[in-house]
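What's in my_file-v3.cif: mmCIF, C-alpha atoms
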```
data_start
#
loop_
_atom_site.group_PDB
_atom_site.id
_atom_site.type_symbol
_atom_site.label_atom_id
_atom_site.label_comp_id
_atom_site.auth_asym_id
_atom_site.auth_seq_id
_atom_site.Cartn_x
_atom_site.Cartn_y
_atom_site.Cartn_z
ATOM 1 C CA MET A 16 0.000 0.000 0.000
ATOM 2 C CA ARG A 17 1.367 3.422 -0.880
ATOM 3 C CA ALA A 18 1.898 6.082 1.747
ATOM 4 C CA PRO A 19 -0.618 8.950 1.721
ATOM 5 C CA VAL A 20 0.597 12.006 -0.199
ATOM 6 C CA VAL A 21 0.227 15.455 1.349
ATOM 7 C CA GLY A 22 0.575 18.304 -1.117
ATOM 8 C CA VAL A 23 2.088 21.385 0.501
ATOM 9 C CA MET A 24 1.544 24.593 -1.439
ATOM 10 C CA GLY A 25 2.859 28.063 -0.704
ATOM 11 C CA GLY A 26 4.727 31.082 -1.870
ATOM 12 C CA VAL A 27 7.958 31.372 -3.806
ATOM 13 C CA GLN A 28 8.801 34.118 -1.328
ATOM 14 C CA CYS A 29 7.969 33.730 2.337
ATOM 15 C CA SER A 30 8.854 35.193 5.700
ATOM 16 C CA ALA A 31 11.146 33.441 8.143
ATOM 17 C CA ARG A 32 8.049 32.550 10.210
ATOM 18 C CA ILE A 33 6.354 30.838 7.262
ATOM 19 C CA ALA A 34 9.581 29.068 6.243
ATOM 20 C CA ASP A 35 9.874 27.745 9.804
ATOM 21 C CA LEU A 36 6.243 26.548 9.768
ATOM 22 C CA ALA A 37 6.809 24.829 6.405
ATOM 23 C CA GLU A 38 9.997 23.123 7.589
ATOM 24 C CA ARG A 39 8.314 21.893 10.780
ATOM 25 C CA LEU A 40 5.322 20.693 8.723
ATOM 26 C CA GLY A 41 7.662 18.693 6.468
ATOM 27 C CA GLN A 42 9.256 17.105 9.534
ATOM 28 C CA ALA A 43 5.857 16.234 10.986
ATOM 29 C CA LEU A 44 4.629 14.710 7.711
ATOM 30 C CA ALA A 45 7.753 12.545 7.476
ATOM 31 C CA ARG A 46 7.355 11.370 11.086
ATOM 32 C CA GLN A 47 3.842 10.184 10.184
ATOM 33 C CA GLY A 48 5.211 8.229 7.209
ATOM 34 C CA TRP A 49 3.374 10.445 4.705
ATOM 35 C CA THR A 50 4.912 11.529 1.392
ATOM 36 C CA THR A 51 5.431 15.276 0.924
ATOM 37 C CA LEU A 52 4.664 16.723 -2.517
ATOM 38 C CA SER A 53 5.313 20.310 -3.565
ATOM 39 C CA GLY A 54 6.068 22.418 -6.601
ATOM 40 C CA GLY A 55 9.639 21.328 -5.953
ATOM 41 C CA ARG A 56 11.616 24.455 -6.679
ATOM 42 C CA PRO A 57 14.503 25.507 -4.397
ATOM 43 C CA VAL A 58 12.696 28.589 -3.079
ATOM 44 C CA GLY A 59 10.196 29.639 -0.439
ATOM 45 C CA VAL A 60 7.702 27.192 1.034
ATOM 46 C CA MET A 61 8.695 24.491 -1.489
ATOM 47 C CA GLU A 62 12.308 24.494 -0.286
ATOM 48 C CA ALA A 63 11.432 24.695 3.411
ATOM 49 C CA VAL A 64 8.862 21.885 3.473
ATOM 50 C CA SER A 65 11.122 19.677 1.351
ATOM 51 C CA LYS A 66 14.089 20.300 3.646
ATOM 52 C CA GLY A 67 12.069 19.469 6.748
ATOM 53 C CA ALA A 68 10.649 16.266 5.287
ATOM 54 C CA ALA A 69 13.986 15.087 3.874
ATOM 55 C CA GLN A 70 15.913 15.791 7.061
ATOM 56 C CA ALA A 71 13.334 13.744 8.967
ATOM 57 C CA GLY A 72 13.803 10.826 6.551
ATOM 58 C CA GLY A 73 10.656 11.373 4.514
ATOM 59 C CA MET A 74 9.866 10.900 0.845
ATOM 60 C CA VAL A 75 9.814 14.230 -1.028
ATOM 61 C CA VAL A 76 8.250 14.556 -4.487
ATOM 62 C CA ALA A 77 9.057 17.705 -6.496
ATOM 63 C CA LEU A 78 6.543 18.329 -9.300
ATOM 64 C CA LEU A 79 8.269 21.004 -11.367
ATOM 65 C CA PRO A 80 6.797 23.454 -13.882
ATOM 66 C CA GLY A 81 9.754 23.233 -16.280
ATOM 67 C CA GLU A 82 11.432 20.611 -18.410
ATOM 68 C CA ASP A 83 14.565 20.026 -16.321
ATOM 69 C CA PRO A 84 14.381 17.758 -13.255
ATOM 70 C CA HIS A 85 17.720 19.215 -12.130
ATOM 71 C CA GLU A 86 15.873 22.447 -11.262
ATOM 72 C CA ALA A 87 14.395 20.711 -8.202
ATOM 73 C CA THR A 88 15.312 21.475 -4.636
ATOM 74 C CA ARG A 89 18.258 19.404 -3.458
ATOM 75 C CA TRP A 90 15.933 17.890 -0.833
ATOM 76 C CA ALA A 91 13.758 16.103 -3.411
ATOM 77 C CA THR A 92 13.713 12.309 -3.408
ATOM 78 C CA VAL A 93 11.884 12.271 -6.750
ATOM 79 C CA ALA A 94 11.866 15.150 -9.252
ATOM 80 C CA VAL A 95 9.207 15.188 -11.979
ATOM 81 C CA ALA A 96 9.660 17.719 -14.793
ATOM 82 C CA SER A 97 6.176 18.463 -16.152
ATOM 83 C CA GLY A 98 7.102 20.952 -18.887
ATOM 84 C CA ILE A 99 3.653 22.553 -18.544
ATOM 85 C CA GLY A 100 4.364 25.606 -16.416
ATOM 86 C CA TYR A 101 1.735 26.656 -13.923
ATOM 87 C CA ALA A 102 -0.732 24.175 -15.417
ATOM 88 C CA ARG A 103 1.129 21.697 -13.225
ATOM 89 C CA ASN A 104 -0.692 23.218 -10.232
ATOM 90 C CA SER A 105 -3.620 20.985 -11.122
ATOM 91 C CA MET A 106 -1.276 17.969 -11.131
ATOM 92 C CA ASN A 107 0.064 18.977 -7.696
ATOM 93 C CA VAL A 108 -3.437 18.805 -6.258
ATOM 94 C CA LEU A 109 -4.642 15.739 -8.175
ATOM 95 C CA SER A 110 -1.541 13.818 -7.046
ATOM 96 C CA SER A 111 -2.243 14.637 -3.378
ATOM 97 C CA ASP A 112 -4.552 12.890 -0.932
ATOM 98 C CA ALA A 113 -4.824 16.106 1.102
ATOM 99 C CA VAL A 114 -3.553 19.656 0.617
ATOM 100 C CA VAL A 115 -2.043 22.101 3.115
ATOM 101 C CA ALA A 116 -1.635 25.655 1.814
ATOM 102 C CA LEU A 117 0.696 28.157 3.425
ATOM 103 C CA PRO A 118 0.662 31.836 2.409
ATOM 104 C CA GLY A 119 1.468 32.506 -1.211
ATOM 105 C CA SER A 120 0.323 34.393 -4.251
ATOM 106 C CA THR A 121 -1.719 33.539 -7.329
ATOM 107 C CA GLY A 122 -0.157 30.102 -7.855
ATOM 108 C CA THR A 123 -1.023 29.072 -4.302
ATOM 109 C CA VAL A 124 -4.534 30.475 -4.621
ATOM 110 C CA SER A 125 -5.000 28.468 -7.836
ATOM 111 C CA GLU A 126 -3.932 25.315 -5.961
ATOM 112 C CA ILE A 127 -6.443 26.119 -3.216
ATOM 113 C CA ALA A 128 -9.118 26.492 -5.887
ATOM 114 C CA TYR A 129 -8.131 23.167 -7.486
ATOM 115 C CA ALA A 130 -8.290 21.449 -4.085
ATOM 116 C CA ILE A 131 -11.825 22.744 -3.616
ATOM 117 C CA THR A 132 -12.814 21.856 -7.192
ATOM 118 C CA TYR A 133 -11.460 18.307 -6.918
ATOM 119 C CA GLY A 134 -12.851 17.780 -3.415
ATOM 120 C CA LYS A 135 -9.459 17.270 -1.762
ATOM 121 C CA PRO A 136 -9.216 17.759 2.009
ATOM 122 C CA LEU A 137 -7.755 21.253 2.386
ATOM 123 C CA ALA A 138 -6.231 23.098 5.340
ATOM 124 C CA LEU A 139 -4.673 26.538 5.523
ATOM 125 C CA LEU A 140 -1.593 27.012 7.728
ATOM 126 C CA GLY A 141 -0.027 30.310 8.773
ATOM 127 C CA TRP A 142 -2.373 32.700 6.958
ATOM 128 C CA ASP A 143 -3.028 35.995 8.753
ATOM 129 C CA ALA A 144 -6.469 36.137 7.139
ATOM 130 C CA GLN A 145 -8.447 33.523 5.278
ATOM 131 C CA PRO A 146 -7.985 34.052 1.524
ATOM 132 C CA LEU A 147 -11.366 32.521 0.743
ATOM 133 C CA THR A 148 -14.755 33.684 1.896
ATOM 134 C CA ALA A 149 -17.047 31.456 -0.193
ATOM 135 C CA VAL A 150 -15.688 28.227 1.314
ATOM 136 C CA HIS A 151 -14.482 27.470 4.786
ATOM 137 C CA PRO A 152 -11.478 25.123 4.910
ATOM 138 C CA PRO A 153 -10.005 24.615 8.364
ATOM 139 C CA PHE A 154 -7.583 27.354 9.320
ATOM 140 C CA PHE A 155 -4.559 26.647 11.555
ATOM 141 C CA GLN A 156 -1.573 28.431 13.041
ATOM 142 C CA GLN A 157 0.193 25.397 14.529
ATOM 143 C CA VAL A 158 1.790 22.429 12.729
ATOM 144 C CA GLU A 159 0.489 20.020 15.370
ATOM 145 C CA GLU A 160 -3.108 21.081 14.648
ATOM 146 C CA VAL A 161 -2.654 20.355 10.934
ATOM 147 C CA VAL A 162 -1.143 16.930 11.654
ATOM 148 C CA GLU A 163 -4.113 16.013 13.880
ATOM 149 C CA TRP A 164 -6.511 17.177 11.154
ATOM 150 C CA LEU A 165 -4.607 15.168 8.520
ATOM 151 C CA LYS A 166 -4.816 12.048 10.699
ATOM 152 C CA GLY A 167 -8.590 12.341 10.469
ATOM 153 C CA VAL A 168 -8.773 12.804 6.694
ATOM 154 C CA LEU A 169 -5.990 10.582 5.361
ATOM 155 C CA PRO A 170 -6.462 6.835 5.088
ATOM 156 C CA ARG A 171 -4.381 4.904 7.605
ATOM 157 C CA ALA A 172 -1.828 2.762 5.867
ATOM 158 C CA GLU A 173 -1.774 -0.682 7.481
ATOM 159 C CA ALA A 174 1.725 -1.328 6.212
ATOM 160 C CA GLN A 175 4.357 0.947 4.726
ATOM 161 C CA SER A 176 5.662 0.156 1.298
ATOM 162 C CA ALA A 177 9.027 -1.582 1.223
ATOM 163 C CA PHE A 178 10.525 1.441 -0.523
ATOM 164 C CA THR A 179 9.424 3.799 2.253
ATOM 165 C CA ARG A 180 10.892 1.511 4.926
ATOM 166 C CA ILE A 181 14.174 1.164 3.031
ATOM 167 C CA HIS A 182 14.365 4.934 2.465
ATOM 168 C CA ARG A 183 13.693 5.721 6.139
ATOM 169 C CA ASP A 184 16.214 3.083 7.311
ATOM 170 C CA ALA A 185 18.845 4.389 4.910
ATOM 171 C CA ALA A 186 18.312 7.940 6.170
ATOM 172 C CA ALA A 187 18.750 6.681 9.724
ATOM 173 C CA GLY A 188 21.952 4.837 8.758
ATOM 174 C CA GLN A 189 20.468 1.371 9.126
ATOM 175 C CA ASP A 190 20.404 -1.554 6.729
ATOM 176 C CA SER A 191 17.140 -3.297 5.906
#
```

The structure in this file should be written as structure tokens.
Amino acid sequence: MRAPVVGVMGGVQCSARIADLAERLGQALARQGWTTLSGGRPVGVMEAVSKGAAQAGGMVVALLPGEDPHEATRWATVAVASGIGYARNSMNVLSSDAVVALPGSTGTVSEIAYAITYGKPLALLGWDAQPLTAVHPPFFQQVEEVVEWLKGVLPRAEAQSAFTRIHRDAAAGQDS
């Protein structure tokens, strides 16, 4: 059974507070055994969440807008070059079992809209004000609150995939 995938969306530029939240979210997702997916570039929320997840031994998928997988953050476990620009925002959401959106600009707002359109569980983390008034996704300020919410909306994996176990053991310096 595959690990649940949590898509983490957010700005190319972010404050130190938001970068810290994203990094801690990545760590928390990895500790749960969930795969972290982002837009994969080495900037902003994408870099911070990827770093946190990778440093905690998690699987990190970078779904890039361009044609070169080498443009991914160095923290990516898997880099996918889509070659379709911002149209890949739809792929980010469709490839996720749940979406957490940190503050961002139009790209992030489009991913929020796709999550709503496709009926994906959606939470907002670190926003000073809710960016949406027509819908009411849960709104959090703490990583721990998001993790508890995700536990309720993501399917529980009865067994981790062999790849996930091997990857986690390798990151911990153990042999399988």

Applying the PyMOL selection byres ((chain A and resi 75) around 8) to the file I just gave you, which residues come out? Please list them as a ChimeraX atom specification.
/A:50-53,65,68-69,73-74,76-77,90-93

Practice task
Can you turn the PyMOL selection byres ((chain A and resi 107) around 8) into a concrete residue list for this file, as JSON, numbers by chain?
Solution key: {"A": [22, 52, 53, 54, 78, 103, 104, 105, 106, 108, 109, 110, 111, 126]}

Emit the selected residues as an mmCIF file, in the coordinates of the input, including C-alpha atoms.
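That gives us selection.cif:
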```
data_model
loop_
_atom_site.group_PDB
_atom_site.id
_atom_site.type_symbol
_atom_site.label_atom_id
_atom_site.label_comp_id
_atom_site.auth_asym_id
_atom_site.auth_seq_id
_atom_site.Cartn_x
_atom_site.Cartn_y
_atom_site.Cartn_z
ATOM 1 C CA GLY A 22 0.575 18.304 -1.117
ATOM 2 C CA LEU A 52 4.664 16.723 -2.517
ATOM 3 C CA SER A 53 5.313 20.310 -3.565
ATOM 4 C CA GLY A 54 6.068 22.418 -6.601
ATOM 5 C CA LEU A 78 6.543 18.329 -9.300
ATOM 6 C CA ARG A 103 1.129 21.697 -13.225
ATOM 7 C CA ASN A 104 -0.692 23.218 -10.232
ATOM 8 C CA SER A 105 -3.620 20.985 -11.122
ATOM 9 C CA MET A 106 -1.276 17.969 -11.131
ATOM 10 C CA VAL A 108 -3.437 18.805 -6.258
ATOM 11 C CA LEU A 109 -4.642 15.739 -8.175
ATOM 12 C CA SER A 110 -1.541 13.818 -7.046
ATOM 13 C CA SER A 111 -2.243 14.637 -3.378
ATOM 14 C CA GLU A 126 -3.932 25.315 -5.961
#
```

Nearest to Pro118 (chain A) among A:Gly141, A:Gly81, A:Gly48, A:Gly98, with distances taken over all atoms listed in the file: which residue is it?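 Among the listed residues, A:Gly141 lies closest to Pro118 (chain A).
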
Any idea what the distance is between CA of Val168 (chain A) and CA of Ala113 (chain A)?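 Rounded to one decimal, the two atoms are 7.6 Å apart.
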
Margin query: List as a PyMOL selection string the protein and nucleic acid residues near Gln42 (chain A), meaning an atom at most 6 Å away when all atoms listed in the file are counted, but skip any in the same chain fewer than 2 places from it.
Written below: chain A and resi 39-40+44-45+67-68+71

Picked residues, the PyMOL selection byres ((chain A and resi 19) around 8), expected as a list in words:
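This file gives the following for the PyMOL selection byres ((chain A and resi 19) around 8): Arg17, Ala18, Val20, Val21, Trp49, Thr50, Ser111, Asp112, Leu169, Pro170 and Ala172 of chain A.
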
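Comparing the minimum interatomic distances between Ala128 (chain A) and each of A:Trp164, A:Leu140, A:Val114, A:Asp35, counting all atoms listed in the file, we find that A:Val114 sits nearest.
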
Which value, in Å to one decimal, gives the distance between CA of Gln70 (chain A) and CA of Arg46 (chain A)?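 Distance between the two atoms: 10.4 Å.
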
Atom completion result for region 49-77 of chain A (N, CA and C atoms) as a PDB file, in the coordinates of the input:
```
ATOM      1  N   TRP A  49       4.074   9.925   5.872  1.00  0.00           N
ATOM      2  CA  TRP A  49       3.374  10.445   4.705  1.00  0.00           C
ATOM      3  C   TRP A  49       4.378  11.041   3.718  1.00  0.00           C
ATOM      4  N   THR A  50       4.088  10.949   2.445  1.00  0.00           N
ATOM      5  CA  THR A  50       4.912  11.529   1.392  1.00  0.00           C
ATOM      6  C   THR A  50       4.579  13.008   1.260  1.00  0.00           C
ATOM      7  N   THR A  51       5.612  13.837   1.129  1.00  0.00           N
ATOM      8  CA  THR A  51       5.431  15.276   0.924  1.00  0.00           C
ATOM      9  C   THR A  51       5.587  15.586  -0.553  1.00  0.00           C
ATOM     10  N   LEU A  52       4.613  16.292  -1.122  1.00  0.00           N
ATOM     11  CA  LEU A  52       4.664  16.723  -2.517  1.00  0.00           C
ATOM     12  C   LEU A  52       4.574  18.238  -2.542  1.00  0.00           C
ATOM     13  N   SER A  53       5.406  18.858  -3.383  1.00  0.00           N
ATOM     14  CA  SER A  53       5.313  20.310  -3.565  1.00  0.00           C
ATOM     15  C   SER A  53       5.676  20.647  -5.001  1.00  0.00           C
ATOM     16  N   GLY A  54       5.652  21.953  -5.287  1.00  0.00           N
ATOM     17  CA  GLY A  54       6.068  22.418  -6.601  1.00  0.00           C
ATOM     18  C   GLY A  54       7.543  22.212  -6.865  1.00  0.00           C
ATOM     19  N   GLY A  55       8.291  21.859  -5.820  1.00  0.00           N
ATOM     20  CA  GLY A  55       9.639  21.328  -5.953  1.00  0.00           C
ATOM     21  C   GLY A  55      10.780  22.263  -6.246  1.00  0.00           C
ATOM     22  N   ARG A  56      10.520  23.540  -6.361  1.00  0.00           N
ATOM     23  CA  ARG A  56      11.616  24.455  -6.679  1.00  0.00           C
ATOM     24  C   ARG A  56      12.406  24.800  -5.414  1.00  0.00           C
ATOM     25  N   PRO A  57      13.660  25.223  -5.565  1.00  0.00           N
ATOM     26  CA  PRO A  57      14.503  25.507  -4.397  1.00  0.00           C
ATOM     27  C   PRO A  57      14.293  26.908  -3.826  1.00  0.00           C
ATOM     28  N   VAL A  58      13.036  27.265  -3.600  1.00  0.00           N
ATOM     29  CA  VAL A  58      12.696  28.589  -3.079  1.00  0.00           C
ATOM     30  C   VAL A  58      11.484  28.493  -2.150  1.00  0.00           C
ATOM     31  N   GLY A  59      11.390  29.439  -1.239  1.00  0.00           N
ATOM     32  CA  GLY A  59      10.196  29.639  -0.439  1.00  0.00           C
ATOM     33  C   GLY A  59       9.687  28.415   0.304  1.00  0.00           C
ATOM     34  N   VAL A  60       8.363  28.284   0.330  1.00  0.00           N
ATOM     35  CA  VAL A  60       7.702  27.192   1.034  1.00  0.00           C
ATOM     36  C   VAL A  60       8.136  25.845   0.466  1.00  0.00           C
ATOM     37  N   MET A  61       8.312  25.761  -0.851  1.00  0.00           N
ATOM     38  CA  MET A  61       8.695  24.491  -1.489  1.00  0.00           C
ATOM     39  C   MET A  61      10.023  23.978  -0.930  1.00  0.00           C
ATOM     40  N   GLU A  62      10.998  24.861  -0.819  1.00  0.00           N
ATOM     41  CA  GLU A  62      12.308  24.494  -0.286  1.00  0.00           C
ATOM     42  C   GLU A  62      12.202  24.111   1.192  1.00  0.00           C
ATOM     43  N   ALA A  63      11.487  24.915   1.960  1.00  0.00           N
ATOM     44  CA  ALA A  63      11.432  24.695   3.411  1.00  0.00           C
ATOM     45  C   ALA A  63      10.726  23.392   3.761  1.00  0.00           C
ATOM     46  N   VAL A  64       9.583  23.121   3.146  1.00  0.00           N
ATOM     47  CA  VAL A  64       8.862  21.885   3.473  1.00  0.00           C
ATOM     48  C   VAL A  64       9.650  20.666   3.008  1.00  0.00           C
ATOM     49  N   SER A  65      10.309  20.781   1.867  1.00  0.00           N
ATOM     50  CA  SER A  65      11.122  19.677   1.351  1.00  0.00           C
ATOM     51  C   SER A  65      12.308  19.400   2.274  1.00  0.00           C
ATOM     52  N   LYS A  66      12.958  20.452   2.731  1.00  0.00           N
ATOM     53  CA  LYS A  66      14.089  20.300   3.646  1.00  0.00           C
ATOM     54  C   LYS A  66      13.643  19.607   4.928  1.00  0.00           C
ATOM     55  N   GLY A  67      12.552  20.067   5.507  1.00  0.00           N
ATOM     56  CA  GLY A  67      12.069  19.469   6.748  1.00  0.00           C
ATOM     57  C   GLY A  67      11.743  17.999   6.585  1.00  0.00           C
ATOM     58  N   ALA A  68      11.030  17.662   5.518  1.00  0.00           N
ATOM     59  CA  ALA A  68      10.649  16.266   5.287  1.00  0.00           C
ATOM     60  C   ALA A  68      11.874  15.402   5.032  1.00  0.00           C
ATOM     61  N   ALA A  69      12.791  15.879   4.203  1.00  0.00           N
ATOM     62  CA  ALA A  69      13.986  15.087   3.874  1.00  0.00           C
ATOM     63  C   ALA A  69      14.865  14.873   5.106  1.00  0.00           C
ATOM     64  N   GLN A  70      15.065  15.922   5.885  1.00  0.00           N
ATOM     65  CA  GLN A  70      15.913  15.791   7.061  1.00  0.00           C
ATOM     66  C   GLN A  70      15.311  14.860   8.112  1.00  0.00           C
ATOM     67  N   ALA A  71      13.995  14.673   8.048  1.00  0.00           N
ATOM     68  CA  ALA A  71      13.334  13.744   8.967  1.00  0.00           C
ATOM     69  C   ALA A  71      13.186  12.352   8.350  1.00  0.00           C
ATOM     70  N   GLY A  72      13.814  12.143   7.184  1.00  0.00           N
ATOM     71  CA  GLY A  72      13.803  10.826   6.551  1.00  0.00           C
ATOM     72  C   GLY A  72      12.604  10.538   5.686  1.00  0.00           C
ATOM     73  N   GLY A  73      11.863  11.571   5.303  1.00  0.00           N
ATOM     74  CA  GLY A  73      10.656  11.373   4.514  1.00  0.00           C
ATOM     75  C   GLY A  73      10.889  11.360   3.018  1.00  0.00           C
ATOM     76  N   MET A  74       9.882  10.885   2.313  1.00  0.00           N
ATOM     77  CA  MET A  74       9.866  10.900   0.845  1.00  0.00           C
ATOM     78  C   MET A  74       9.394  12.282   0.397  1.00  0.00           C
ATOM     79  N   VAL A  75      10.126  12.889  -0.541  1.00  0.00           N
ATOM     80  CA  VAL A  75       9.814  14.230  -1.028  1.00  0.00           C
ATOM     81  C   VAL A  75       9.688  14.187  -2.550  1.00  0.00           C
ATOM     82  N   VAL A  76       8.499  14.517  -3.049  1.00  0.00           N
ATOM     83  CA  VAL A  76       8.250  14.556  -4.487  1.00  0.00           C
ATOM     84  C   VAL A  76       8.198  16.014  -4.930  1.00  0.00           C
ATOM     85  N   ALA A  77       9.016  16.359  -5.922  1.00  0.00           N
ATOM     86  CA  ALA A  77       9.057  17.705  -6.496  1.00  0.00           C
ATOM     87  C   ALA A  77       8.406  17.649  -7.874  1.00  0.00           C
TER      88      ALA A  77
END
```
